[in-house]
Amino acid sequence: MVKFATRGVFLAHECELNWFDRQLTHSDHEQVRKRILTTTGKSRSGPEGGESGNDFDRYTPANIEKKWQAKWEADGIYNAADHVEGKENYFALTMFPYPSGELHMGHWYAYAPADTYARFKRMQGYNVMQPQGFDSFGLPAENAAIERGEDPREWTNKNIDNSRRQFREMGAGYDWTRELATSDPDYYKWNQYWFLKFYENGLAYRKHGQANWCPQDQTTLANEQVKDGACERCGTPVIKRALRQWYFAITKYADELLDMDKIDWPEKIKTMQRNWIGRSTGTTIGFDVSEFAPGEKIETFTTRIDTVYGVTFVVLAPEHPLVEKLTQPSHKAGVDEYVAQAGRQTEIDRTSTEREKTGVETGSYCINPLNGERVPVLVGDYVLATYGTGAVMGVPAHDSRDFVFAKKYGLEIRVVVAPPNWDGGELEEAWIPVGTQVNSGEFDGLSSTDGKEAIADKIESENIGTRTITYHLRDWLISRQRYWGTPIPIIYCDDCGTVPVPEKDLPVILPSNVTFEADGKSPLAKHPDFMHVPCPDCGKDAKRETDTLDTFVCSSWYQLRFASKNPLEEPIDSEKVKQWMPVNQYMGGAEHAVMHLLYSRFFNKALRDLGYLDFDEPYTKLMNQGMLIKDHKKISKRSNPLTPDPVVERHGADTLRCYLMFLGPWDQGGDWSDSGINGIRRWLGRVWDVALRDESGLNGSDGEKDLERASHATTKRVLADMETFKFNTSISALMEFTTEIARRYEAGDVSAATWRVAVDRLLLHVAPVAPHIAEELWERTGHVGSIHLELNPKFDESLIVSDTITLAVQVQGKLRDQIEVAADIDKDAAIVAAKSATNVARHLEGMAIVKEIYVPGRLVNIVVRPAN
């Protein structure tokens with residue numbers, strides 16, 4: 001038996017015959033080629049010949065795939081009941097798409113393997129729910145309105161219709177009865193409901209502050225939506241703008257969000273979330289500035305309070321509210337110019353470690369409360385108002401960048417943590433590690449580790465500071481100055497102030513007749529019927545909030561709505577949620593690590609605390625797929641397009657599904673090749689041929705054990721690989737098994753019953769990866785009911801163990817033969833048997849053996865040179 005080698009990707013871009021071309025001698029190759037061609041042309045009438053039943057060449061989506069897509073939907077076989085006796089519920093969910101147009105090949109790469117996994121779990125005996133919907137609010141619809149004059153609703157609905165069509169053509173086993181679209185008022189009504197509940201419970205608030213602003217999209221962005229200083233959507237450099245904004249208080253859950261021990265997620269995602277949350281433990285201490293601003297202090301946070309006696313300057317962020325109060329008249333022009341310049345730079349640029357620190361003096365001073373020293377106050381753009389307190393104490397002897405800064409501006413560098421054997425001289429560079437406290441008053445002589453605790457104790461005992469925990473995580477900015485989103489349900493009244501929209505008046509509907517202008521103002525702010533409403537409390541004239549919610553609000557709880565089957569009078573059905581949640585397996589891209597995935601975890605915990613849920617995490621397991629590329633480059637609609645529809649039309653959805661899964665490990669991504677898909681098409685053709693052969697003429701027995709062993713070994717391998725998302729190696733195993741079944745048929749050495757059981761086993765394993773072909777062949781081979789409602793085959797470990805093994809024999813690294821030997825054969829016996837093989841002996845004639853290599857259970861390689 002010739003076995004195909006599997007190393008990561010199983011012959012990803014080579015067909016079967018090409019593999020033999022490389023591995024076999026000419027005579028061997030011709031024999032195998034004849035066998036393969038004979039196998040693929042075998043007839044329905046039995047091993048001896050007759051009219052061919054292999055009509056796979058005439059297989060098209062129109063005559064097979066569409067037939068089954070319609071029947072599956074008509075029969076509702078993927079519609080999940082909330083309870084099935086004897087079956088455990090299993091919620092398989094893939095991050096739902098934004099309907100921006102047609103599904104591209106990257107969508108297929110995300111959704112087809114995920115669908116395969118859900119199908120596999122259904123065949124494991126679970127009651128599987130796999131819903132689908134559309135994350136349909138967002139900027140692209142609004143940009144289409146601005147650029148092409150299209151109505152956002154019509155544009156979105158048209159794209160949803162097209163995406164739904166493509167998902168059906170994919171053969172995805174979705175429960176369409178649970179479909180949702182976030183731009184549907186029946187959905188976004190509950191976004192508004194959650195906002196009101198958060199507002200009532202102190203989790204939603206409005207404040208004036210610096211916000212990330214995208215000049216291109218004319219909207220605010222959360223910190224998580226700024227990538228390398230630019231808008232994640234359009235790439236425009238982000239600037240800061242002072243605005244009144246709405247926030248969700250995600251920082252109240254910072255510590256709990258750091259605890260991810262209960263979820264089975266990739267460690268890289270957990271690490272990204274921990275780093276984004278960025279918990280730091282240190283001390284907050286106030287520096288008095290009452291000389292220049294009566295009653296005021298500059299609050300600073302530091303993780304190195306042991307260095308506080310070495311403070312020789314304090315730096316404020318340009319946006320700090322004390323900058324204006326502390327700037328002296330003689331320094332005002334320089335400070336104003338510096339602040340304006342800082343406002344034009346991104347936070348990424350300002351805090352880059354590659355960039356030299358800059359600053360400007362304010363002309364004022366503050367008092368170090370521990371030693372009473374008067375130290376200068378500067379403004380520096382490397383300090384951010386959004387992080388910590390917006391002020392830092394400068395300790396140049398013990399911070400590398402402070403050291404450079406002090407040298408540049410002629411500021412004192414005072415050592416307060418001495419390196420070992422320090423002689424009291426100047427440092428050539430900052431000393432960062434632990435050391436001994438010096439120039440630190442009563443703490444001199446302590447190790448800096450002990451000094452840190454002792455100094456913090458003194459600060460707290462004298463009420464000049466406190467031990468503090470801070471986070472890099474900021475509260476979630478949810479305001480967007482856009483139209484196509486959920487209106488924030490707030491009304492502003494001159495007499496009553498900020499008034500929530502009454503629940504009975506939800507949803508606040510987006511008006512349809514709006515005017516789009518690229519002037520930075522929301523169309524809602526220019527829509528009088530929307531803007532002007534009576535106050536719900538006093539009835540006087542009032543105005544609506546014209547900001548809309550960040551679209552990540554929509555996707556933070558959609559899994560709960562899927563589980564609830566669209567209740568009309570409440571956001572979720574708590575009893576149904578208990579039956580399905582948390583999601584058993586979540587699948588999608590790693591790019592959402594610190595946005596959607598973090599926000600969903602926060603939302604779940606908040607709803608738990610509000611009494612709506614009784615579990616902590618929304619997604620138990622997470623799987624991230626890699627990126628699909630083409631010709632080693634990222635797929636792009638303009639520069640490197642790859643559209644699935646023509647491929648489906650030519651090869652069929654099953655061929656495309658299998659090829660995408662065959663490219664390599666799903667979590668690592670793959671590189672598309674136009675020619676590679678042909679090998680998958682040929683394999684599916686062999687499956688088709690094998691399944692439709694007439695086995696009535698088979699009555700042999702010599703090959704029974706071999707076929708039984710291959711059957712159970714294949715099942716063991718496929719089940720393990722599918723469970724761990726190793727679709728490529730699972731398909732590889734099925735290719736080998738297809739070849740073995742065809743070989744046994746050709747040899748005629750198995751019974752008809754054994755052969756047919758093996759074919760059924762093959763079809764059951766093919767079903768999740770190629771659902772249409774498997775269903776068609778299941779019907780044609782006389783089975784009643786859908787193959788997708790069957791269970792996976794089982795395997796018997798005792799039947800997999802073989803008394804013999806197949807060894808590949810190489811001469812000079814080239815395959816010359818394969819031999820069957822005892823499974824426990826030793827090296828000497830294996831080499832003797834290898835040399836005795838006819839084809840090997842022929843290649844050893846006239847050669848001197850240099851080396852004999854034996855890889856137990858796999859191969860013998862004989863290294864030779866010409867004999868003298």
# chains A, B, ... in the order shown; residues from 1 in each chain; ligands from 1
call {"tool": "select_by_dssp", "arguments": {"residues": "stretch 198-392 of chain A", "states": "alpha helix (DSSP H)", "output": "number ranges by chain"}}
result
A: 198-200, 254-258, 267-277, 322-326, 332-343, 347-351
call {"tool": "closest_residue", "arguments": {"among": "A:Pro665, A:Gly670, A:Pro266, A:Gly539", "to": "A:Lys633", "atoms": "only C-alpha atoms"}}
result
A:Gly670
call {"tool": "closest_residue", "arguments": {"among": "A:Asp75, A:Glu337, A:Glu88, A:Asp135", "to": "A:Tyr558", "atoms": "only C-alpha atoms"}}
result
A:Asp135
call {"tool": "select_by_dssp", "arguments": {"residues": "stretch 579-679 of chain A", "states": "strand (DSSP E)", "output": "PyMOL selection string"}}
result
chain A and resi 583-589+619-625+628-630+633-634+670-672
call {"tool": "write_last_selection", "arguments": {"atoms": "N, CA and C atoms", "output": "mmCIF file, in the first residue's frame"}}
result
data_model
loop_
_atom_site.group_PDB
_atom_site.id
_atom_site.type_symbol
_atom_site.label_atom_id
_atom_site.label_comp_id
_atom_site.auth_asym_id
_atom_site.auth_seq_id
_atom_site.Cartn_x
_atom_site.Cartn_y
_atom_site.Cartn_z
ATOM 1 N N VAL A 583 -21.461 30.492 25.551
ATOM 2 C CA VAL A 583 -21.135 29.890 24.261
ATOM 3 C C VAL A 583 -20.069 28.823 24.486
ATOM 4 N N ASN A 584 -20.296 27.634 23.937
ATOM 5 C CA ASN A 584 -19.317 26.554 24.106
ATOM 6 C C ASN A 584 -18.056 26.805 23.295
ATOM 7 N N GLN A 585 -18.234 27.191 22.028
ATOM 8 C CA GLN A 585 -17.075 27.428 21.166
ATOM 9 C C GLN A 585 -17.298 28.695 20.359
ATOM 10 N N TYR A 586 -16.424 29.680 20.585
ATOM 11 C CA TYR A 586 -16.472 30.937 19.835
ATOM 12 C C TYR A 586 -15.318 30.931 18.857
ATOM 13 N N MET A 587 -15.570 31.414 17.635
ATOM 14 C CA MET A 587 -14.557 31.377 16.589
ATOM 15 C C MET A 587 -14.517 32.714 15.866
ATOM 16 N N GLY A 588 -13.323 33.178 15.548
ATOM 17 C CA GLY A 588 -13.183 34.455 14.857
ATOM 18 C C GLY A 588 -11.762 34.961 14.908
ATOM 19 N N GLY A 589 -11.569 36.199 14.445
ATOM 20 C CA GLY A 589 -10.232 36.747 14.292
ATOM 21 C C GLY A 589 -9.626 37.273 15.575
ATOM 22 N N TYR A 619 -17.938 33.442 26.625
ATOM 23 C CA TYR A 619 -17.408 32.455 25.686
ATOM 24 C C TYR A 619 -16.450 31.516 26.418
ATOM 25 N N THR A 620 -16.821 30.250 26.510
ATOM 26 C CA THR A 620 -15.997 29.286 27.249
ATOM 27 C C THR A 620 -14.692 28.994 26.526
ATOM 28 N N LYS A 621 -14.789 28.686 25.229
ATOM 29 C CA LYS A 621 -13.605 28.387 24.421
ATOM 30 C C LYS A 621 -13.538 29.362 23.257
ATOM 31 N N LEU A 622 -12.322 29.677 22.866
ATOM 32 C CA LEU A 622 -12.102 30.601 21.748
ATOM 33 C C LEU A 622 -11.083 30.004 20.801
ATOM 34 N N MET A 623 -11.390 30.088 19.510
ATOM 35 C CA MET A 623 -10.454 29.670 18.470
ATOM 36 C C MET A 623 -10.295 30.802 17.479
ATOM 37 N N ASN A 624 -9.060 31.210 17.219
ATOM 38 C CA ASN A 624 -8.776 32.274 16.250
ATOM 39 C C ASN A 624 -8.202 31.661 14.976
ATOM 40 N N GLN A 625 -8.834 31.950 13.838
ATOM 41 C CA GLN A 625 -8.257 31.505 12.576
ATOM 42 C C GLN A 625 -7.140 32.445 12.162
ATOM 43 N N LEU A 628 -5.844 34.403 5.575
ATOM 44 C CA LEU A 628 -5.708 33.860 4.228
ATOM 45 C C LEU A 628 -5.031 34.900 3.346
ATOM 46 N N ILE A 629 -3.996 34.480 2.624
ATOM 47 C CA ILE A 629 -3.303 35.372 1.697
ATOM 48 C C ILE A 629 -3.317 34.732 0.307
ATOM 49 N N LYS A 630 -2.934 35.505 -0.671
ATOM 50 C CA LYS A 630 -2.861 35.008 -2.039
ATOM 51 C C LYS A 630 -1.548 35.455 -2.646
ATOM 52 N N LYS A 633 0.677 37.576 -0.558
ATOM 53 C CA LYS A 633 0.269 38.946 -0.248
ATOM 54 C C LYS A 633 -1.142 38.963 0.329
ATOM 55 N N LYS A 634 -1.422 39.999 1.101
ATOM 56 C CA LYS A 634 -2.744 40.156 1.687
ATOM 57 C C LYS A 634 -3.784 40.337 0.590
ATOM 58 N N GLY A 670 -3.298 30.552 5.531
ATOM 59 C CA GLY A 670 -2.878 29.812 4.348
ATOM 60 C C GLY A 670 -2.649 30.733 3.175
ATOM 61 N N ASP A 671 -1.956 30.192 2.167
ATOM 62 C CA ASP A 671 -1.621 30.947 0.964
ATOM 63 C C ASP A 671 -2.341 30.312 -0.222
ATOM 64 N N TRP A 672 -3.290 31.037 -0.778
ATOM 65 C CA TRP A 672 -4.118 30.523 -1.869
ATOM 66 C C TRP A 672 -3.304 30.377 -3.153
#
call {"tool": "atom_distance", "arguments": {"atom1": "atom CA of A:Arg743", "atom2": "atom CA of A:Glu723"}}
result
28.6 Å
call {"tool": "atom_distance", "arguments": {"atom1": "atom CA of A:Lys227", "atom2": "atom CA of A:Thr353"}}
result
16.4 Å
call {"tool": "closest_residue", "arguments": {"among": "A:Asp349, A:Glu232, A:Glu296, A:Asp186", "to": "A:Leu506", "atoms": "only C-alpha atoms"}}
result
A:Asp186
call {"tool": "closest_residue", "arguments": {"among": "A:Glu319, A:Phe313, A:Cys496, A:Thr724", "to": "A:Tyr409", "atoms": "only C-alpha atoms"}}
result
A:Phe313
call {"tool": "residues_around", "arguments": {"residues": "stretch 161-170 of chain A", "least_positions_apart": "4", "cutoff": "7 Å", "atoms": "only C-alpha atoms", "output": "ChimeraX atom specification"}}
result
/A:69,99,102-103,157,653
call {"tool": "write_last_selection", "arguments": {"atoms": "N, CA and C atoms", "output": "PDB file, in the first residue's frame"}}
result
ATOM      1  N   GLN A  69     -29.285  22.462  -0.437  1.00  0.00           N
ATOM      2  CA  GLN A  69     -29.463  23.688   0.340  1.00  0.00           C
ATOM      3  C   GLN A  69     -30.945  23.976   0.549  1.00  0.00           C
ATOM      4  N   PRO A  99     -22.065  43.489   6.900  1.00  0.00           N
ATOM      5  CA  PRO A  99     -22.486  43.306   5.499  1.00  0.00           C
ATOM      6  C   PRO A  99     -22.063  44.470   4.624  1.00  0.00           C
ATOM      7  N   GLU A 102     -20.125  41.938  -0.852  1.00  0.00           N
ATOM      8  CA  GLU A 102     -20.097  40.496  -1.030  1.00  0.00           C
ATOM      9  C   GLU A 102     -19.127  39.866  -0.031  1.00  0.00           C
ATOM     10  N   LEU A 103     -19.431  38.636   0.353  1.00  0.00           N
ATOM     11  CA  LEU A 103     -18.479  37.881   1.163  1.00  0.00           C
ATOM     12  C   LEU A 103     -17.252  37.606   0.306  1.00  0.00           C
ATOM     13  N   ASN A 157     -29.458  46.577   3.661  1.00  0.00           N
ATOM     14  CA  ASN A 157     -30.358  45.447   3.430  1.00  0.00           C
ATOM     15  C   ASN A 157     -30.006  44.694   2.150  1.00  0.00           C
ATOM     16  N   ALA A 653     -19.143  24.441  -4.031  1.00  0.00           N
ATOM     17  CA  ALA A 653     -18.830  24.930  -2.691  1.00  0.00           C
ATOM     18  C   ALA A 653     -18.016  23.923  -1.892  1.00  0.00           C
TER      19      ALA A 653
END
call {"tool": "residues_around", "arguments": {"residues": "stretch 471-484 of chain A", "least_positions_apart": "4", "cutoff": "8 Å", "atoms": "only C-alpha atoms", "output": "VMD selection string"}}
result
chain A and resid 137 to 139 141 to 142 152 218 to 223 245 to 251 254 276 to 280 386 to 388 510 520 to 524 546 to 550 553
call {"tool": "write_last_selection", "arguments": {"atoms": "N, CA and C atoms", "output": "compact mmCIF listing (two decimals), in the first residue's frame"}}
result
# COMPACT_ATOMS: atom_id res chain seq x y z
N PHE A 137 -24.79 47.92 11.71
CA PHE A 137 -24.53 49.34 11.90
C PHE A 137 -23.05 49.61 11.66
N GLY A 138 -22.71 50.82 11.20
CA GLY A 138 -21.30 51.15 11.07
C GLY A 138 -21.03 52.16 9.98
N LEU A 139 -19.78 52.55 9.87
CA LEU A 139 -19.37 53.63 8.98
C LEU A 139 -19.53 53.34 7.50
N ALA A 141 -21.76 52.01 5.64
CA ALA A 141 -23.08 52.36 5.12
C ALA A 141 -23.24 53.87 5.03
N GLU A 142 -22.75 54.56 6.05
CA GLU A 142 -22.86 56.01 6.06
C GLU A 142 -21.94 56.63 5.01
N PRO A 152 -28.62 54.47 3.57
CA PRO A 152 -27.91 53.46 4.36
C PRO A 152 -28.73 52.20 4.62
N GLN A 218 -14.80 61.74 10.70
CA GLN A 218 -15.54 62.76 11.45
C GLN A 218 -16.24 62.16 12.66
N THR A 219 -15.51 61.38 13.44
CA THR A 219 -16.11 60.77 14.62
C THR A 219 -15.06 60.49 15.67
N THR A 220 -15.54 60.27 16.90
CA THR A 220 -14.64 59.89 17.99
C THR A 220 -14.33 58.40 17.90
N LEU A 221 -13.22 58.05 18.51
CA LEU A 221 -12.79 56.65 18.55
C LEU A 221 -12.40 56.28 19.97
N ALA A 222 -12.72 55.08 20.38
CA ALA A 222 -12.20 54.56 21.64
C ALA A 222 -10.71 54.30 21.49
N ASN A 223 -9.99 54.27 22.62
CA ASN A 223 -8.54 54.01 22.56
C ASN A 223 -8.24 52.73 21.80
N GLN A 245 -18.61 63.55 26.13
CA GLN A 245 -18.80 62.21 25.59
C GLN A 245 -19.46 61.30 26.63
N TRP A 246 -20.09 60.23 26.12
CA TRP A 246 -20.64 59.20 26.99
C TRP A 246 -19.65 58.05 27.11
N TYR A 247 -19.61 57.48 28.32
CA TYR A 247 -18.67 56.39 28.62
C TYR A 247 -19.39 55.26 29.34
N PHE A 248 -18.92 54.04 29.16
CA PHE A 248 -19.27 52.92 30.02
C PHE A 248 -18.11 52.69 30.98
N ALA A 249 -18.43 52.44 32.24
CA ALA A 249 -17.41 52.35 33.30
C ALA A 249 -16.80 50.95 33.35
N ILE A 250 -16.10 50.58 32.29
CA ILE A 250 -15.47 49.27 32.21
C ILE A 250 -14.36 49.11 33.25
N THR A 251 -13.76 50.24 33.67
CA THR A 251 -12.65 50.15 34.63
C THR A 251 -13.10 49.62 35.98
N ALA A 254 -12.00 46.13 36.01
CA ALA A 254 -10.64 45.86 35.54
C ALA A 254 -10.02 44.64 36.21
N TRP A 276 -3.38 45.16 27.93
CA TRP A 276 -4.21 46.33 27.66
C TRP A 276 -4.82 46.87 28.96
N ILE A 277 -5.23 45.97 29.83
CA ILE A 277 -5.78 46.40 31.12
C ILE A 277 -4.68 47.05 31.94
N GLY A 278 -3.48 46.49 31.92
CA GLY A 278 -2.28 47.13 32.44
C GLY A 278 -2.34 47.53 33.91
N ARG A 279 -2.52 46.57 34.77
CA ARG A 279 -2.60 46.87 36.21
C ARG A 279 -1.23 47.21 36.77
N SER A 280 -1.13 48.33 37.49
CA SER A 280 0.11 48.76 38.13
C SER A 280 -0.16 49.08 39.59
N THR A 386 -4.62 61.06 29.82
CA THR A 386 -5.52 59.92 29.91
C THR A 386 -4.91 58.75 30.67
N TYR A 387 -3.69 58.87 31.11
CA TYR A 387 -3.05 57.77 31.82
C TYR A 387 -2.57 58.24 33.18
N GLY A 388 -2.90 57.47 34.22
CA GLY A 388 -2.50 57.84 35.57
C GLY A 388 -3.16 59.15 35.98
N LEU A 510 -34.12 55.80 14.38
CA LEU A 510 -33.36 56.65 13.47
C LEU A 510 -34.27 57.20 12.40
N GLY A 520 -18.47 67.19 9.65
CA GLY A 520 -18.12 66.81 11.01
C GLY A 520 -19.30 66.78 11.96
N LYS A 521 -20.50 67.15 11.47
CA LYS A 521 -21.67 67.14 12.34
C LYS A 521 -22.56 65.95 11.99
N SER A 522 -23.12 65.35 13.02
CA SER A 522 -24.03 64.24 12.78
C SER A 522 -25.27 64.72 12.06
N PRO A 523 -25.77 63.97 11.07
CA PRO A 523 -27.03 64.35 10.41
C PRO A 523 -28.18 64.47 11.41
N LEU A 524 -28.10 63.77 12.53
CA LEU A 524 -29.17 63.85 13.53
C LEU A 524 -29.24 65.23 14.15
N THR A 546 -27.67 63.62 20.14
CA THR A 546 -27.52 63.30 18.72
C THR A 546 -26.37 62.34 18.44
N ASP A 547 -25.62 61.97 19.46
CA ASP A 547 -24.59 60.94 19.28
C ASP A 547 -25.26 59.56 19.21
N THR A 548 -24.59 58.65 18.54
CA THR A 548 -25.04 57.26 18.51
C THR A 548 -24.02 56.39 19.23
N LEU A 549 -24.43 55.17 19.55
CA LEU A 549 -23.56 54.27 20.31
C LEU A 549 -22.50 53.64 19.43
N ASP A 550 -21.33 53.45 20.00
CA ASP A 550 -20.29 52.66 19.36
C ASP A 550 -20.89 51.32 18.94
N VAL A 553 -21.13 48.04 20.98
CA VAL A 553 -22.21 47.75 21.92
C VAL A 553 -23.11 46.67 21.34
call {"tool": "atom_distance", "arguments": {"atom1": "atom CA of A:Ile432", "atom2": "atom CA of A:Asp450"}}
result
15.8 Å
call {"tool": "residues_around", "arguments": {"residues": "A:Gln124", "least_positions_apart": "6", "cutoff": "9 Å", "atoms": "only C-alpha atoms", "output": "PyMOL selection string"}}
result
chain A and resi 790-792
call {"tool": "decode", "arguments": {"residues": "stretch 188-196 of chain A", "atoms": "all heavy atoms", "output": "compact mmCIF listing (two decimals), in the first residue's frame"}}
result
# COMPACT_ATOMS: atom_id res chain seq x y z
N TYR A 188 -31.91 47.08 18.10
CA TYR A 188 -31.24 48.21 18.76
C TYR A 188 -32.10 48.86 19.83
O TYR A 188 -31.57 49.62 20.66
CB TYR A 188 -30.67 49.21 17.75
CG TYR A 188 -31.61 50.09 16.97
CD1 TYR A 188 -32.30 51.14 17.57
CD2 TYR A 188 -31.73 49.94 15.59
CE1 TYR A 188 -33.10 52.00 16.84
CE2 TYR A 188 -32.54 50.79 14.84
CZ TYR A 188 -33.22 51.82 15.48
OH TYR A 188 -34.01 52.68 14.74
N LYS A 189 -33.39 48.54 19.86
CA LYS A 189 -34.20 48.95 21.01
C LYS A 189 -33.57 48.47 22.31
O LYS A 189 -33.57 49.18 23.33
CB LYS A 189 -35.61 48.36 20.87
CG LYS A 189 -36.46 48.43 22.12
CD LYS A 189 -37.80 47.72 21.92
CE LYS A 189 -38.63 47.78 23.20
NZ LYS A 189 -39.97 47.12 23.02
N TRP A 190 -33.02 47.27 22.26
CA TRP A 190 -32.47 46.68 23.49
C TRP A 190 -31.06 47.19 23.78
O TRP A 190 -30.62 47.17 24.93
CB TRP A 190 -32.54 45.17 23.42
CG TRP A 190 -33.96 44.71 23.21
CD1 TRP A 190 -34.49 44.14 22.10
CD2 TRP A 190 -35.04 44.86 24.15
NE1 TRP A 190 -35.84 43.91 22.27
CE2 TRP A 190 -36.21 44.33 23.51
CE3 TRP A 190 -35.15 45.37 25.44
CZ2 TRP A 190 -37.44 44.31 24.15
CZ3 TRP A 190 -36.39 45.35 26.06
CH2 TRP A 190 -37.52 44.83 25.43
N ASN A 191 -30.34 47.66 22.75
CA ASN A 191 -29.11 48.42 23.03
C ASN A 191 -29.45 49.62 23.90
O ASN A 191 -28.74 49.94 24.87
CB ASN A 191 -28.47 48.94 21.73
CG ASN A 191 -27.78 47.87 20.92
OD1 ASN A 191 -27.47 46.80 21.43
ND2 ASN A 191 -27.53 48.16 19.66
N GLN A 192 -30.53 50.31 23.54
CA GLN A 192 -30.95 51.49 24.29
C GLN A 192 -31.42 51.10 25.69
O GLN A 192 -31.15 51.82 26.67
CB GLN A 192 -32.06 52.21 23.52
CG GLN A 192 -31.58 52.77 22.19
CD GLN A 192 -32.72 53.27 21.31
OE1 GLN A 192 -33.88 52.94 21.51
NE2 GLN A 192 -32.37 54.06 20.29
N TYR A 193 -32.08 49.98 25.80
CA TYR A 193 -32.53 49.48 27.10
C TYR A 193 -31.33 49.22 28.01
O TYR A 193 -31.31 49.62 29.18
CB TYR A 193 -33.34 48.21 26.89
CG TYR A 193 -33.78 47.52 28.16
CD1 TYR A 193 -34.96 47.89 28.80
CD2 TYR A 193 -33.03 46.49 28.72
CE1 TYR A 193 -35.38 47.25 29.97
CE2 TYR A 193 -33.43 45.84 29.87
CZ TYR A 193 -34.60 46.22 30.49
OH TYR A 193 -35.00 45.58 31.64
N TRP A 194 -30.31 48.55 27.46
CA TRP A 194 -29.11 48.28 28.27
C TRP A 194 -28.43 49.58 28.68
O TRP A 194 -27.96 49.70 29.82
CB TRP A 194 -28.12 47.40 27.50
CG TRP A 194 -28.56 46.02 27.19
CD1 TRP A 194 -28.45 45.37 26.00
CD2 TRP A 194 -29.14 45.05 28.09
NE1 TRP A 194 -28.95 44.09 26.08
CE2 TRP A 194 -29.37 43.87 27.36
CE3 TRP A 194 -29.51 45.09 29.44
CZ2 TRP A 194 -29.94 42.72 27.93
CZ3 TRP A 194 -30.08 43.95 30.01
CH2 TRP A 194 -30.30 42.79 29.26
N PHE A 195 -28.38 50.55 27.77
CA PHE A 195 -27.78 51.84 28.11
C PHE A 195 -28.50 52.45 29.31
O PHE A 195 -27.86 52.95 30.24
CB PHE A 195 -27.84 52.79 26.91
CG PHE A 195 -27.36 54.19 27.23
CD1 PHE A 195 -26.04 54.53 27.04
CD2 PHE A 195 -28.23 55.16 27.73
CE1 PHE A 195 -25.58 55.81 27.35
CE2 PHE A 195 -27.79 56.42 28.04
CZ PHE A 195 -26.46 56.76 27.85
N LEU A 196 -29.82 52.42 29.30
CA LEU A 196 -30.58 53.01 30.40
C LEU A 196 -30.32 52.28 31.71
O LEU A 196 -30.19 52.91 32.77
CB LEU A 196 -32.07 52.99 30.08
CG LEU A 196 -32.53 53.88 28.91
CD1 LEU A 196 -34.02 53.72 28.67
CD2 LEU A 196 -32.19 55.35 29.18
